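This report refers to the structure that appears directly beneath it.
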2 protein chains.
Amino acid sequence: MKFELTILGSSSATPIYNRHPTAQVLNLRERLLLIDCGEGTQMQLARYRVRAHRISHIFISHLHGDHYLGLMGLLSSLHLQGRTSELHLYGQQDLMDILEMQLRLSNTTLRYNLIFHAVRHYLGGVIFEDDHMQVKSIVMNHRIPCTGFLFREKPRPRKLLINRIRQHGIPIEYFNRIKHGEDYTDENGNVIANDELSVPPPAPKSYAFCSDTLYDDSVASEVQGVDVLYHEATFTSDMQERATTTYHSTARQAAQLAKKAQVGKLLIGHFSARYRELAPLLREAREVFPETELAIEGRRFGI
Amino acid sequence: MKFELTILGSSSATPIYNRHPTAQVLNLRERLLLIDCGEGTQMQLARYRVRAHRISHIFISHLHGDHYLGLMGLLSSLHLQGRTSELHLYGQQDLMDILEMQLRLSNTTLRYNLIFHAVRHYLGGVIFEDDHMQVKSIVMNHRIPCTGFLFREKPRPRKLLINRIRQHGIPIEYFNRIKHGEDYTDENGNVIANDELSVPPPAPKSYAFCSDTLYDDSVASEVQGVDVLYHEATFTSDMQERATTTYHSTARQAAQLAKKAQVGKLLIGHFSARYRELAPLLREAREVFPETELAIEGRRFGI
């Protein structure tokens with residue numbers, strides 16, 4: 001089942017060199033989740049043929065403009081395009097204050113139900129959970145309150161070995177229990193072990209989004225072993241001092257965190273306007289963590 | 001001297017078909033004025049190589065998102081790019097409330113002086129004036145408070161006829177008075193009429209921006225005889241009822257207003273997402289007012 005990330009923006013605060021502010025779409029089992037929504041996100045969705053009306057959940061990390069200024073326009077366009085299905089929005093309480101002021105002043109009553117979930121920036125934890133996935137917020141270390149997000153698939157049921165099932169003449173009403181790991185006891189009292197009847201499902205996948213933040217050891221434990229980690233890498237390490245004073249990370253630090261957390265793959269983004277070319281950032285990260293890629297506009301990553 | 005308009009956006013509320021929400025730059029004697037600032041304006045400025053740091057005045061017509069959602073991002077980028085020169089912003093008081101909330105929540109203190117001038121939406125009149133130009137607001141008739149803007153050059157001084165000036169041996173200290181229309185009296189008391197020494201300057205030019213609005217007769221008198229009129233034309237006239245209920249105009253109505261006001265040229269824009277092709281809008285307007293052009297992204301119009 002699908003678990004795929006599409007990058008819509010890779011710039012930090014100033015969009016330049018055709019890079020756009022932060023926005024990503026996660027397709028998790030055909031549910032579309034939008035992560036951050038910088039200015040122009042609705043145009044980027046159109047450019048990369050992501051159907052905006054299919055987005056069901058939006059997660060906003062913090063209230064620097066390059067992470068949310070596209071939100072009001074997107075919400076408004078969804079309204080004008082006739083959306084009626086509910087839309088869940090996760091972010092800090094102040095975000096809703098901004099939106100409500102803008103909706104009020106434009107005299108707009110959204111046609112759909114925008115369900116806001118306030119995220120506490122000082123305490124990570126589960127903010128969404130259902131049968132398919134779990135989303136946790138992660139406390140970032142930034143100049144203003146900021147949270148990352150960790151998306152985990154729920155384990156899928158075991159896969160039935162149909163030939164064995166038939167061989168033992170097991171009735172269909174037991175299939176679900178076997179999928180969930182139960183042994184089967186036939187009418188004569190013979191127990192057939194579950195692993196003779198089914199095989200484990202693929203391991204559940206996970207994706208962590210960490211932007212914007214200083215390098216922070218405590219994040220490593222939060223994202224330990226995820227399949228894919230996105231970590232901001234605003235600067236190269238010769239700009240370490242600038243990174244620290246602006247509460248950002250270098251490419252090397254992103255890679256150090258990826259290594260420490262033993263993730264499967266690292267994606268770096270949120271590049272400063274000072275870099276026309278991104279190769280130096282990638283090179284620096286790969287020296288520490290070879291499985292690194294640039295999270296640039298239009299790239300899709302299977303997770 | 002330069003009086004030139006660059007179109008940065010031509011869509012109405014929903015950006016589509018690579019059309020962008022409303023924004024225009026007026027170069028008036030090398031002073032750059034930004035009129036409206038829809039989402040993505042800072043990217044459009046870069047695309048059409050307009051130097052954002054040279055903008056000195058910004059005019060916002062109203063608080064529908066497609067006319068101002070790019071403003072916070074632009075102000076923020078100017079700040080990050082090191083702007084120190086003051087920037088004048090004209091709009092309704094509520095606009096500043098939105099900006100202040102966003103600045104506060106992003107913990108941003110602009111490095112430059114943002115001087116806000118509240119525009120009264122219920123009363124048109126002069127909102128800016130200096131030696132080079134005058135700007136008036138015009139009351140629009142829209143779903144929420146909305147103002148258009150009328151930009152007029154100030155008359156330039158008369159042009160000296162240098163040969164005649166020399167012939168009469170007129171000293172340099174009289175030049176400025178002659179440029180401003182005075183006759184010259186020589187030391188013998190002979191009067192030389194001003195129009196023997198100078199010719200009139202080119203007529204001062206004017207540009208009116210009218211978006212968003214119902215067709216409104218009273219606007220015609222406000223913009224009477226302007227060189228160029230931009231008037232919104234969201235719909236074709238078969239959608240007249242929809243235009244009226246949404247407080248917008250049709251292409252035909254824009255042309256009727258241009259005709260009534262005897263303007264030099266009409267530009268139409270703010271096109272509904274329902275029109276992939278714009279030819280029908282242009283055709284309809286030209287039937288009433290032949291001197292009509294489409295105000296689409298990247299077009300420049302001398303005024």
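Chain labels follow the order of the structure tokens: the first chain is A, the next B, and so on; residue numbering restarts at 1 in every chain, and ligands are counted from 1 in their shown order.
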(request) Do a neighbour search on stretch 153-165 of chain B at 12 Å with only C-alpha atoms, toss out local chain neighbours closer than 6 positions, and write the hits as a PyMOL selection string. (result) chain B and resi 1-4+26-29+31+128-136+171-184+186+192-208+226-227+303
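Backbone DSSP of stretch 75-155 of chain B yields strand (DSSP E) at B:Leu87, B:His88, B:Leu89, B:Tyr90, B:Gly91, B:Leu114, B:Ile115, B:Phe116, B:His117, B:Ala118, B:Gly125, B:Val126, B:Ile127, B:Phe128, B:Glu129, B:Met133, B:Gln134, B:Val135, B:Lys136, B:Ser137, B:Ile138, B:Val139, B:Thr147, B:Gly148, B:Phe149, B:Leu150, B:Phe151, B:Arg152, B:Glu153.
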Can I get the selection written as a PDB file, in the first residue's frame, with N, CA and C atoms?
ATOM      1  N   LEU B  87       8.892  52.059   3.820  1.00  0.00           N
ATOM      2  CA  LEU B  87       7.927  51.522   2.867  1.00  0.00           C
ATOM      3  C   LEU B  87       6.544  51.994   3.298  1.00  0.00           C
ATOM      4  N   HIS B  88       5.820  52.593   2.353  1.00  0.00           N
ATOM      5  CA  HIS B  88       4.488  53.108   2.665  1.00  0.00           C
ATOM      6  C   HIS B  88       3.425  52.107   2.220  1.00  0.00           C
ATOM      7  N   LEU B  89       2.519  51.820   3.134  1.00  0.00           N
ATOM      8  CA  LEU B  89       1.459  50.854   2.839  1.00  0.00           C
ATOM      9  C   LEU B  89       0.104  51.524   3.008  1.00  0.00           C
ATOM     10  N   TYR B  90      -0.729  51.406   1.978  1.00  0.00           N
ATOM     11  CA  TYR B  90      -2.073  51.986   2.000  1.00  0.00           C
ATOM     12  C   TYR B  90      -3.098  50.868   1.938  1.00  0.00           C
ATOM     13  N   GLY B  91      -4.011  50.860   2.892  1.00  0.00           N
ATOM     14  CA  GLY B  91      -5.057  49.848   2.892  1.00  0.00           C
ATOM     15  C   GLY B  91      -5.984  50.111   4.057  1.00  0.00           C
ATOM     16  N   LEU B 114       7.858  50.487   8.272  1.00  0.00           N
ATOM     17  CA  LEU B 114       6.633  50.251   7.488  1.00  0.00           C
ATOM     18  C   LEU B 114       5.613  51.289   7.939  1.00  0.00           C
ATOM     19  N   ILE B 115       5.330  52.226   7.050  1.00  0.00           N
ATOM     20  CA  ILE B 115       4.457  53.343   7.432  1.00  0.00           C
ATOM     21  C   ILE B 115       3.076  53.071   6.861  1.00  0.00           C
ATOM     22  N   PHE B 116       2.155  52.823   7.774  1.00  0.00           N
ATOM     23  CA  PHE B 116       0.810  52.435   7.332  1.00  0.00           C
ATOM     24  C   PHE B 116      -0.104  53.650   7.254  1.00  0.00           C
ATOM     25  N   HIS B 117      -0.845  53.736   6.144  1.00  0.00           N
ATOM     26  CA  HIS B 117      -1.809  54.811   5.948  1.00  0.00           C
ATOM     27  C   HIS B 117      -3.188  54.180   5.778  1.00  0.00           C
ATOM     28  N   ALA B 118      -4.057  54.392   6.732  1.00  0.00           N
ATOM     29  CA  ALA B 118      -5.385  53.782   6.646  1.00  0.00           C
ATOM     30  C   ALA B 118      -6.211  54.489   5.579  1.00  0.00           C
ATOM     31  N   GLY B 125     -10.823  59.992  -2.124  1.00  0.00           N
ATOM     32  CA  GLY B 125     -10.124  61.261  -1.965  1.00  0.00           C
ATOM     33  C   GLY B 125      -8.631  61.070  -2.086  1.00  0.00           C
ATOM     34  N   VAL B 126      -7.908  62.160  -1.980  1.00  0.00           N
ATOM     35  CA  VAL B 126      -6.452  62.107  -2.133  1.00  0.00           C
ATOM     36  C   VAL B 126      -5.836  61.388  -0.940  1.00  0.00           C
ATOM     37  N   ILE B 127      -5.050  60.364  -1.217  1.00  0.00           N
ATOM     38  CA  ILE B 127      -4.384  59.640  -0.122  1.00  0.00           C
ATOM     39  C   ILE B 127      -2.874  59.837  -0.174  1.00  0.00           C
ATOM     40  N   PHE B 128      -2.374  60.335  -1.302  1.00  0.00           N
ATOM     41  CA  PHE B 128      -0.940  60.630  -1.397  1.00  0.00           C
ATOM     42  C   PHE B 128      -0.745  61.761  -2.393  1.00  0.00           C
ATOM     43  N   GLU B 129       0.220  62.617  -2.107  1.00  0.00           N
ATOM     44  CA  GLU B 129       0.526  63.695  -3.053  1.00  0.00           C
ATOM     45  C   GLU B 129       1.944  64.200  -2.802  1.00  0.00           C
ATOM     46  N   MET B 133       3.388  63.161  -8.211  1.00  0.00           N
ATOM     47  CA  MET B 133       2.140  62.440  -8.464  1.00  0.00           C
ATOM     48  C   MET B 133       1.128  62.664  -7.359  1.00  0.00           C
ATOM     49  N   GLN B 134      -0.097  62.281  -7.722  1.00  0.00           N
ATOM     50  CA  GLN B 134      -1.183  62.302  -6.760  1.00  0.00           C
ATOM     51  C   GLN B 134      -1.895  60.959  -6.860  1.00  0.00           C
ATOM     52  N   VAL B 135      -2.273  60.406  -5.714  1.00  0.00           N
ATOM     53  CA  VAL B 135      -3.042  59.160  -5.709  1.00  0.00           C
ATOM     54  C   VAL B 135      -4.348  59.405  -4.975  1.00  0.00           C
ATOM     55  N   LYS B 136      -5.456  59.034  -5.635  1.00  0.00           N
ATOM     56  CA  LYS B 136      -6.761  59.132  -4.994  1.00  0.00           C
ATOM     57  C   LYS B 136      -7.342  57.742  -4.823  1.00  0.00           C
ATOM     58  N   SER B 137      -8.084  57.552  -3.753  1.00  0.00           N
ATOM     59  CA  SER B 137      -8.837  56.308  -3.641  1.00  0.00           C
ATOM     60  C   SER B 137     -10.222  56.526  -4.242  1.00  0.00           C
ATOM     61  N   ILE B 138     -10.782  55.447  -4.764  1.00  0.00           N
ATOM     62  CA  ILE B 138     -12.112  55.491  -5.385  1.00  0.00           C
ATOM     63  C   ILE B 138     -12.962  54.433  -4.694  1.00  0.00           C
ATOM     64  N   VAL B 139     -14.141  54.788  -4.291  1.00  0.00           N
ATOM     65  CA  VAL B 139     -15.006  53.820  -3.600  1.00  0.00           C
ATOM     66  C   VAL B 139     -15.535  52.803  -4.614  1.00  0.00           C
ATOM     67  N   THR B 147     -11.564  49.613  -2.264  1.00  0.00           N
ATOM     68  CA  THR B 147     -11.272  50.871  -2.948  1.00  0.00           C
ATOM     69  C   THR B 147     -10.421  50.634  -4.184  1.00  0.00           C
ATOM     70  N   GLY B 148     -10.717  51.409  -5.240  1.00  0.00           N
ATOM     71  CA  GLY B 148      -9.820  51.483  -6.383  1.00  0.00           C
ATOM     72  C   GLY B 148      -8.822  52.596  -6.138  1.00  0.00           C
ATOM     73  N   PHE B 149      -7.911  52.786  -7.109  1.00  0.00           N
ATOM     74  CA  PHE B 149      -6.900  53.831  -6.954  1.00  0.00           C
ATOM     75  C   PHE B 149      -6.701  54.552  -8.285  1.00  0.00           C
ATOM     76  N   LEU B 150      -6.533  55.856  -8.185  1.00  0.00           N
ATOM     77  CA  LEU B 150      -6.311  56.681  -9.377  1.00  0.00           C
ATOM     78  C   LEU B 150      -4.961  57.389  -9.218  1.00  0.00           C
ATOM     79  N   PHE B 151      -4.066  57.108 -10.155  1.00  0.00           N
ATOM     80  CA  PHE B 151      -2.706  57.658 -10.113  1.00  0.00           C
ATOM     81  C   PHE B 151      -2.573  58.726 -11.188  1.00  0.00           C
ATOM     82  N   ARG B 152      -2.231  59.918 -10.782  1.00  0.00           N
ATOM     83  CA  ARG B 152      -2.067  61.012 -11.743  1.00  0.00           C
ATOM     84  C   ARG B 152      -0.677  61.613 -11.605  1.00  0.00           C
ATOM     85  N   GLU B 153      -0.004  61.733 -12.744  1.00  0.00           N
ATOM     86  CA  GLU B 153       1.230  62.523 -12.758  1.00  0.00           C
ATOM     87  C   GLU B 153       0.903  63.970 -12.468  1.00  0.00           C
TER      88      GLU B 153
END
Cut-off 7 Å: closest chain A/chain B atom pairs per residue, using only C-alpha atoms, as a tab-separated table:
residue	atom	partner	partner_atom	distance
A:Thr14	CA	B:Ser77	CA	5.6
A:Glu39	CA	B:Gly40	CA	6.3
A:Gly40	CA	B:Gly40	CA	5.5
A:Leu63	CA	B:Ser106	CA	5.5
A:His64	CA	B:Ser106	CA	5.0
A:Gly65	CA	B:Gly73	CA	6.4
A:Gly73	CA	B:Gly65	CA	6.4
A:Ser77	CA	B:Thr14	CA	5.5
A:Leu105	CA	B:Leu63	CA	6.4
A:Ser106	CA	B:His64	CA	5.0
A:Ile144	CA	B:Ser106	CA	6.9
(request) Measuring atom to atom with only C-alpha atoms, identify which of A:His67, A:His142, A:Lys260, A:Arg242 is nearest to A:Ser221. (result) A:Lys260
(message) Run DSSP on the backbone and tell me which residues of stretch 12-251 of chain A come out as alpha helix (DSSP H); list them as a ChimeraX atom specification.
(response) /A:41-47,71-80,93-105,162-167,175-179,194-197,217-222,240-245,251
(request) For A:Gly298, please output as a ChimeraX atom specification all residues within 10 Å (counting only C-alpha atoms; exclusion window: fewer than 3 positions along the same chain). (result) /A:5-10,24,44-45,47-49,295,301
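Closest approach to A:Arg286 among A:Gln262, A:Gln256, A:Thr109, A:Thr22: A:Gln256, based on only C-alpha atoms.
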(message) Need the shell around B:Tyr112: protein/DNA/RNA residues with any atom at most 7 Å away, counting only C-alpha atoms. Skip same-chain ones fewer than 3 positions apart. Format as a ChimeraX atom specification?
(response) /B:79,83-86
Output N, CA and C atoms for every residue in the selection just made, as an mmCIF file, in the first residue's frame.
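So part-v4.cif came out as:
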data_model
loop_
_atom_site.group_PDB
_atom_site.id
_atom_site.type_symbol
_atom_site.label_atom_id
_atom_site.label_comp_id
_atom_site.auth_asym_id
_atom_site.auth_seq_id
_atom_site.Cartn_x
_atom_site.Cartn_y
_atom_site.Cartn_z
ATOM 1 N N HIS B 79 12.523 42.375 4.491
ATOM 2 C CA HIS B 79 13.205 42.452 5.792
ATOM 3 C C HIS B 79 14.451 41.558 5.798
ATOM 4 N N ARG B 83 16.420 45.263 3.709
ATOM 5 C CA ARG B 83 15.869 46.589 3.414
ATOM 6 C C ARG B 83 15.959 47.481 4.651
ATOM 7 N N THR B 84 16.327 48.736 4.400
ATOM 8 C CA THR B 84 16.311 49.698 5.503
ATOM 9 C C THR B 84 15.456 50.921 5.151
ATOM 10 N N SER B 85 15.195 51.122 3.849
ATOM 11 C CA SER B 85 14.423 52.317 3.470
ATOM 12 C C SER B 85 12.952 52.126 3.797
ATOM 13 N N GLU B 86 12.308 53.227 4.094
ATOM 14 C CA GLU B 86 10.917 53.132 4.540
ATOM 15 C C GLU B 86 9.995 52.653 3.415
#
